[in-house]
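Undergrad: Hey, dropping target.cif in here, mmCIF, C-alpha atoms and all ligand atoms:
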data_work
loop_
_atom_site.label_atom_id
_atom_site.label_comp_id
_atom_site.auth_asym_id
_atom_site.auth_seq_id
_atom_site.Cartn_x
_atom_site.Cartn_y
_atom_site.Cartn_z
CA MET A 729 90.70 118.03 86.48
CA THR A 730 92.91 119.48 83.75
CA ALA A 731 96.50 120.66 84.16
CA VAL A 732 95.24 124.25 84.23
CA ASP A 733 92.86 123.41 87.08
CA THR A 734 95.72 121.84 88.99
CA ILE A 735 97.93 124.88 88.43
CA ARG A 736 95.14 127.18 89.59
CA GLU A 737 94.59 125.08 92.67
CA TRP A 738 98.26 125.06 93.53
CA LEU A 739 98.60 128.82 93.06
CA ASP A 740 95.52 129.25 95.17
CA LYS A 741 96.61 127.15 98.15
CA GLY A 742 99.93 125.52 97.32
CA TYR A 743 101.75 126.23 100.55
CA ASN A 744 98.60 125.45 102.49
CA LEU A 745 98.40 121.96 101.06
CA PRO A 746 99.52 119.27 103.49
CA GLU A 747 103.31 119.33 103.72
CA GLU A 748 103.69 115.75 102.53
CA GLU A 749 101.66 116.49 99.46
CA ASN A 750 103.96 119.33 98.49
CA SER A 751 106.95 117.17 99.29
CA PHE A 752 105.62 114.35 97.13
CA PHE A 753 105.25 116.84 94.26
CA VAL A 754 108.86 117.94 94.62
CA MET A 755 110.14 114.36 94.85
CA TRP A 756 108.28 113.50 91.70
CA VAL A 757 109.60 116.55 89.82
CA LEU A 758 113.14 115.42 90.64
CA ILE A 759 112.54 111.84 89.57
CA ASN A 760 110.78 113.06 86.44
CA ALA A 761 113.85 115.15 85.56
CA TYR A 762 115.97 112.02 85.86
CA TYR A 763 113.85 109.62 83.84
CA ASN A 764 113.23 112.19 81.10
CA GLU A 765 116.96 112.68 80.73
CA ALA A 766 117.94 109.03 81.04
CA TYR A 767 115.31 107.22 78.98
CA GLY A 768 113.88 107.58 75.52
CA GLU A 769 110.50 105.83 75.67
CA LYS A 770 107.75 107.99 74.24
CA ASP A 771 105.18 107.21 76.94
CA GLU A 772 105.91 108.64 80.36
CA TRP A 773 104.66 105.53 82.17
CA LYS A 774 107.18 103.44 80.24
CA ARG A 775 110.00 105.71 81.37
CA VAL A 776 108.69 105.30 84.91
CA LEU A 777 108.81 101.49 84.60
CA HIS A 778 112.30 101.68 83.12
CA PHE A 779 113.35 103.74 86.14
CA GLY A 780 111.78 101.12 88.41
CA ARG A 781 113.81 98.34 86.78
CA ASP A 782 117.07 100.29 86.91
CA PHE A 783 116.71 101.02 90.62
CA GLY A 784 115.24 97.66 91.52
CA LYS A 785 117.72 97.01 94.30
CA VAL A 786 116.13 99.80 96.37
CA PHE A 787 113.16 97.52 96.97
CA GLY A 788 115.06 95.33 99.39
CA GLU A 789 115.97 98.35 101.52
CA LEU A 790 112.47 99.72 101.99
CA ASP A 791 110.37 99.41 105.12
CA LYS A 792 107.82 96.71 104.48
CA ILE A 793 105.07 98.84 105.99
CA ASP A 794 105.68 101.65 103.47
CA VAL A 795 105.14 99.18 100.64
CA GLU A 796 102.23 97.44 102.29
CA VAL A 797 100.16 100.58 102.66
CA LEU A 798 100.20 101.07 98.88
CA VAL A 799 98.50 97.73 98.19
CA ASN A 800 96.55 97.02 101.35
CA PRO A 801 93.61 97.20 102.00
CA GLU A 802 92.79 98.15 98.44
CA CYS A 803 94.23 98.85 95.01
CA VAL A 804 95.09 102.44 94.15
CA GLY A 805 92.24 103.41 91.87
CA GLY A 806 92.04 105.43 88.71
CA GLY A 807 91.65 108.76 90.41
CA MET A 808 88.02 109.54 91.07
CA LEU A 809 86.15 108.17 94.07
CA THR A 810 85.49 104.47 93.49
CA GLU A 811 87.14 104.29 90.08
CA PRO A 812 88.90 100.92 89.93
CA PRO A 813 92.62 100.49 89.21
CA ASN A 814 93.76 100.22 85.63
CA ARG A 815 95.02 96.84 84.43
CA TYR A 816 98.70 97.60 85.11
CA VAL A 817 98.05 98.92 88.60
CA LYS A 818 95.95 95.89 89.37
CA LYS A 819 98.73 93.59 88.20
CA ALA A 820 101.34 95.61 90.11
CA SER A 821 99.21 95.36 93.26
CA GLU A 822 98.92 91.60 92.81
CA VAL A 823 102.67 91.19 92.44
CA LEU A 824 103.41 93.18 95.59
CA ARG A 825 100.70 91.48 97.64
CA ARG A 826 102.15 88.13 96.71
CA LYS A 827 105.61 89.36 97.67
CA LEU A 828 104.31 90.58 101.06
CA GLY A 829 102.17 87.51 101.70
CA ILE A 830 98.89 89.43 101.60
CA ALA A 831 95.86 87.50 100.35
CA ASP A 832 95.18 88.89 96.90
CA ASN A 833 91.46 89.14 96.63
CA CYS A 834 90.59 92.81 97.09
CA GLU A 835 88.47 91.55 100.02
CA LYS A 836 89.17 94.62 102.08
CA CYS A 837 88.21 97.15 99.41
CA ARG A 838 85.27 99.38 99.92
CA THR A 839 82.29 97.44 98.61
CA SER A 840 81.55 99.96 95.89
CA LYS A 841 85.11 99.74 94.61
CA LYS A 842 85.48 95.99 95.05
CA ARG A 843 82.58 95.35 92.72
CA ARG A 844 84.29 97.33 89.96
CA CYS A 845 87.78 96.07 90.77
CA ARG A 846 86.66 92.49 90.29
CA ASP A 847 85.91 93.15 86.63
CA ILE A 848 89.39 94.48 85.89
CA GLN A 849 91.58 91.88 84.22
CA PRO A 850 95.18 92.34 85.41
CA GLU A 851 97.54 93.20 82.57
CA ASN A 852 99.66 90.28 81.47
CA TYR A 853 102.95 91.94 82.36
CA ASP A 854 105.91 90.54 84.25
CA PHE A 855 106.61 93.20 86.87
CA GLN A 856 109.74 93.29 88.97
CA ASN A 857 109.01 94.37 92.55
CA PHE A 858 110.30 97.92 92.47
CA GLU A 859 108.98 98.40 88.96
CA ALA A 860 105.52 97.45 90.28
CA LEU A 861 105.92 99.89 93.14
CA MET A 862 106.87 102.70 90.76
CA ARG A 863 103.79 101.97 88.67
CA ILE A 864 101.58 102.44 91.71
CA LEU A 865 103.43 105.59 92.78
CA TYR A 866 102.98 106.97 89.29
CA GLN A 867 99.24 106.38 89.67
CA ILE A 868 99.24 108.26 92.98
CA ARG A 869 101.09 111.10 91.30
CA CYS A 870 98.48 111.17 88.51
CA ASN A 871 95.67 111.10 91.03
CA LEU A 872 97.20 113.99 92.96
CA PHE A 873 97.23 116.00 89.76
CA HIS A 874 93.83 114.90 88.57
CA GLY A 875 91.57 115.17 91.52
CA GLU A 876 91.57 112.22 93.92
CA LYS A 877 91.85 114.79 96.68
CA LEU A 878 88.35 115.94 95.83
CA ASP A 879 87.18 112.88 97.71
CA ARG A 880 84.79 114.08 100.38
CA ASP A 881 84.79 110.92 102.42
CA VAL A 882 86.93 111.49 105.52
CA ASN A 883 88.25 107.93 105.61
CA GLN A 884 89.29 108.19 102.01
CA GLN A 885 90.97 111.53 102.63
CA ARG A 886 92.90 109.86 105.42
CA ARG A 887 93.87 107.01 103.12
CA ASN A 888 94.96 109.39 100.34
CA HIS A 889 97.09 111.29 102.81
CA GLU A 890 98.66 108.06 104.01
CA LEU A 891 99.46 107.02 100.42
CA VAL A 892 101.23 110.32 99.84
CA ILE A 893 103.24 110.05 103.08
CA ARG A 894 104.43 106.52 102.29
CA GLY A 895 105.06 107.44 98.68
CA ASP A 896 107.13 110.42 99.74
CA THR A 897 109.29 108.20 101.95
CA ILE A 898 109.91 105.72 99.13
CA LEU A 899 110.68 108.43 96.58
CA ARG A 900 113.18 110.05 98.94
CA ARG A 901 114.92 106.73 99.37
CA VAL A 902 115.27 106.12 95.63
CA LEU A 903 116.47 109.68 95.05
CA GLU A 904 119.34 109.01 97.44
CA GLU A 905 120.21 106.06 95.25
CA VAL A 906 120.03 108.19 92.10
CA ALA A 907 122.31 110.75 93.72
CA ARG A 908 124.95 108.06 94.23
CA LYS A 909 125.31 107.45 90.53
ZN ZN B 1 91.42 95.69 93.87
#
Have the structure of the file written as structure tokens, please.
TA:
Amino acid sequence: MTAVDTIREWLDKGYNLPEEENSFFVMWVLINAYYNEAYGEKDEWKRVLHFGRDFGKVFGELDKIDVEVLVNPECVGGGMLTEPPNRYVKKASEVLRRKLGIADNCEKCRTSKKRRCRDIQPENYDFQNFEALMRILYQIRCNLFHGEKLDRDVNQQRRNHELVIRGDTILRRVLEEVARK
């Protein structure tokens, strides 16, 4: 899905999208405004990671369940159906699973996804906890824009919705922290 497709879709049914999805969009727009102003890295994902490092202390204040949902039962994929996570997301998921004491083996993934996930070599990158979380949230944001919601499987729709709800909660929390600056 291109940006134009996303814009068309939003104009078509924006206020009829699930409330949390719209809220997640707004939260991300606000955070995006902050990291674009505060950081100079050329790649957006690098600005996102920088943001995650700067607000790392938020991690300790989050509800464990909100974090857990993002990495359990399966990695957030690359956007379409059973597309596996990219190498950074896989590494970020590993880091957070270890932190939460979840066995890191993608055992609970859908079979079709697990097979592909297994072949992904986690990026050799030393994530801090909140930085890892922001990397996964950035992936959810990308997926929202690029079509994960086209998933026709009801269980997956439910999971996507859950990811957005938890993500929205976490983003709200970090925005409060930004506002304190
Ligand atoms: Zn996985």
Undergrad: Of the residues A:Val732, A:Leu745, A:Leu872, A:Leu758, which is the one nearest to Val906 (chain A), using all atoms listed in the file?
TA: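 Closest to Val906 (chain A) of all the choices is A:Leu758.
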Undergrad: Do you know which residues are within 10 Å of ligand ZN 1 (chain B) using only C-alpha atoms and all ligand atoms? Can you write them as JSON, numbers by chain?
TA: {"A": [799, 800, 801, 802, 803, 804, 805, 812, 813, 814, 817, 818, 819, 821, 822, 832, 833, 834, 835, 836, 837, 838, 841, 842, 843, 844, 845, 846, 847, 848, 850]}
Undergrad: Produce a file of the selected residues containing C-alpha atoms, as a compact mmCIF listing (two decimals), keeping the file's coordinate frame.
TA:
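What follows is the written file selection.txt:
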# COMPACT_ATOMS: atom_id res chain seq x y z
CA VAL A 799 98.50 97.73 98.19
CA ASN A 800 96.55 97.02 101.35
CA PRO A 801 93.61 97.20 102.00
CA GLU A 802 92.79 98.15 98.44
CA CYS A 803 94.23 98.85 95.01
CA VAL A 804 95.09 102.44 94.15
CA GLY A 805 92.24 103.41 91.87
CA PRO A 812 88.90 100.92 89.93
CA PRO A 813 92.62 100.49 89.21
CA ASN A 814 93.76 100.22 85.63
CA VAL A 817 98.05 98.92 88.60
CA LYS A 818 95.95 95.89 89.37
CA LYS A 819 98.73 93.59 88.20
CA SER A 821 99.21 95.36 93.26
CA GLU A 822 98.92 91.60 92.81
CA ASP A 832 95.18 88.89 96.90
CA ASN A 833 91.46 89.14 96.63
CA CYS A 834 90.59 92.81 97.09
CA GLU A 835 88.47 91.55 100.02
CA LYS A 836 89.17 94.62 102.08
CA CYS A 837 88.21 97.15 99.41
CA ARG A 838 85.27 99.38 99.92
CA LYS A 841 85.11 99.74 94.61
CA LYS A 842 85.48 95.99 95.05
CA ARG A 843 82.58 95.35 92.72
CA ARG A 844 84.29 97.33 89.96
CA CYS A 845 87.78 96.07 90.77
CA ARG A 846 86.66 92.49 90.29
CA ASP A 847 85.91 93.15 86.63
CA ILE A 848 89.39 94.48 85.89
CA PRO A 850 95.18 92.34 85.41
Undergrad: When you look at Ala766 (chain A) with a cut-off of 12 Å (counting only C-alpha atoms), what residues show up, excluding the ones that are within fewer than 2 positions of it in the same chain? I need them as a list in words.
TA: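 Here the qualifying residues turn out to be Ile759, Asn760, Ala761, Tyr762, Tyr763, Asn764, Gly768, Glu769, Arg775, Val776, His778, Phe779, Asp782 and Val906 of chain A.
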Undergrad: Please, could you write that set of residues out with C-alpha atoms as a JSON list (two decimals), in the coordinates of the input?
TA:
[["chain", "number", "residue", "atom", "x", "y", "z"],
["A", 759, "ILE", "CA", 112.54, 111.84, 89.57],
["A", 760, "ASN", "CA", 110.78, 113.06, 86.44],
["A", 761, "ALA", "CA", 113.85, 115.15, 85.56],
["A", 762, "TYR", "CA", 115.97, 112.02, 85.86],
["A", 763, "TYR", "CA", 113.85, 109.62, 83.84],
["A", 764, "ASN", "CA", 113.23, 112.19, 81.10],
["A", 768, "GLY", "CA", 113.88, 107.58, 75.52],
["A", 769, "GLU", "CA", 110.50, 105.83, 75.67],
["A", 775, "ARG", "CA", 110.00, 105.71, 81.37],
["A", 776, "VAL", "CA", 108.69, 105.30, 84.91],
["A", 778, "HIS", "CA", 112.30, 101.68, 83.12],
["A", 779, "PHE", "CA", 113.35, 103.74, 86.14],
["A", 782, "ASP", "CA", 117.07, 100.29, 86.91],
["A", 906, "VAL", "CA", 120.03, 108.19, 92.10]]
Undergrad: Rounded to one decimal place, report the CA of Glu811 (chain A)-CA of Ser751 (chain A) distance in Å.
TA: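 So the two atoms, CA of Glu811 (chain A) and CA of Ser751 (chain A), lie 25.4 Å apart.
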Undergrad: Using Å and a single decimal, report how far CA of Gln849 (chain A) sits from CA of Gly788 (chain A).
TA: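 It comes out at 28.2 Å.
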Undergrad: What is the CA of Val786 (chain A)-CA of Pro746 (chain A) distance in Å, reported with one decimal?
TA: 26.6 Å
Undergrad: List the neighbours of Lys827 (chain A) out to 12 Å using all atoms listed in the file; skip same-chain residues closer than 3 positions along the sequence, and give me the result as a PyMOL selection string.
TA: chain A and resi 787-788+792+795-796+799+820-824+830-832+855-858+860-861
Undergrad: Filtering to C-alpha atoms, could you give me those residues as a PDB file, keeping the file's coordinate frame?
TA:
ATOM      1  CA  PHE A 787     113.160  97.520  96.970  1.00  0.00           C
ATOM      2  CA  GLY A 788     115.060  95.330  99.390  1.00  0.00           C
ATOM      3  CA  LYS A 792     107.820  96.710 104.480  1.00  0.00           C
ATOM      4  CA  VAL A 795     105.140  99.180 100.640  1.00  0.00           C
ATOM      5  CA  GLU A 796     102.230  97.440 102.290  1.00  0.00           C
ATOM      6  CA  VAL A 799      98.500  97.730  98.190  1.00  0.00           C
ATOM      7  CA  ALA A 820     101.340  95.610  90.110  1.00  0.00           C
ATOM      8  CA  SER A 821      99.210  95.360  93.260  1.00  0.00           C
ATOM      9  CA  GLU A 822      98.920  91.600  92.810  1.00  0.00           C
ATOM     10  CA  VAL A 823     102.670  91.190  92.440  1.00  0.00           C
ATOM     11  CA  LEU A 824     103.410  93.180  95.590  1.00  0.00           C
ATOM     12  CA  ILE A 830      98.890  89.430 101.600  1.00  0.00           C
ATOM     13  CA  ALA A 831      95.860  87.500 100.350  1.00  0.00           C
ATOM     14  CA  ASP A 832      95.180  88.890  96.900  1.00  0.00           C
ATOM     15  CA  PHE A 855     106.610  93.200  86.870  1.00  0.00           C
ATOM     16  CA  GLN A 856     109.740  93.290  88.970  1.00  0.00           C
ATOM     17  CA  ASN A 857     109.010  94.370  92.550  1.00  0.00           C
ATOM     18  CA  PHE A 858     110.300  97.920  92.470  1.00  0.00           C
ATOM     19  CA  ALA A 860     105.520  97.450  90.280  1.00  0.00           C
ATOM     20  CA  LEU A 861     105.920  99.890  93.140  1.00  0.00           C
TER      21      LEU A 861
END
Undergrad: Taking a cut-off of 9 Å and counting all atoms listed in the file, can you build a table that, for each residue of region 757-802 of chain A near region 886-894 of chain A, reports the nearest atom pair and how far apart they are in Å (one decimal), sorted by chain then residue number, as a tab-separated table?
TA:
residue	atom	partner	partner_atom	distance
A:Ile793	CA	A:Arg894	CA	8.5
A:Asp794	CA	A:Arg894	CA	5.2
A:Val795	CA	A:Arg894	CA	7.6
A:Val797	CA	A:Leu891	CA	6.9
A:Leu798	CA	A:Leu891	CA	6.2
Undergrad: Looking at A:Asp896, A:Glu859, A:Asp733, A:Asp881, which one is nearest to Glu749 (chain A), with distances taken over only C-alpha atoms?
TA: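 The shortest atom-to-atom distance to Glu749 (chain A) comes from A:Asp896.
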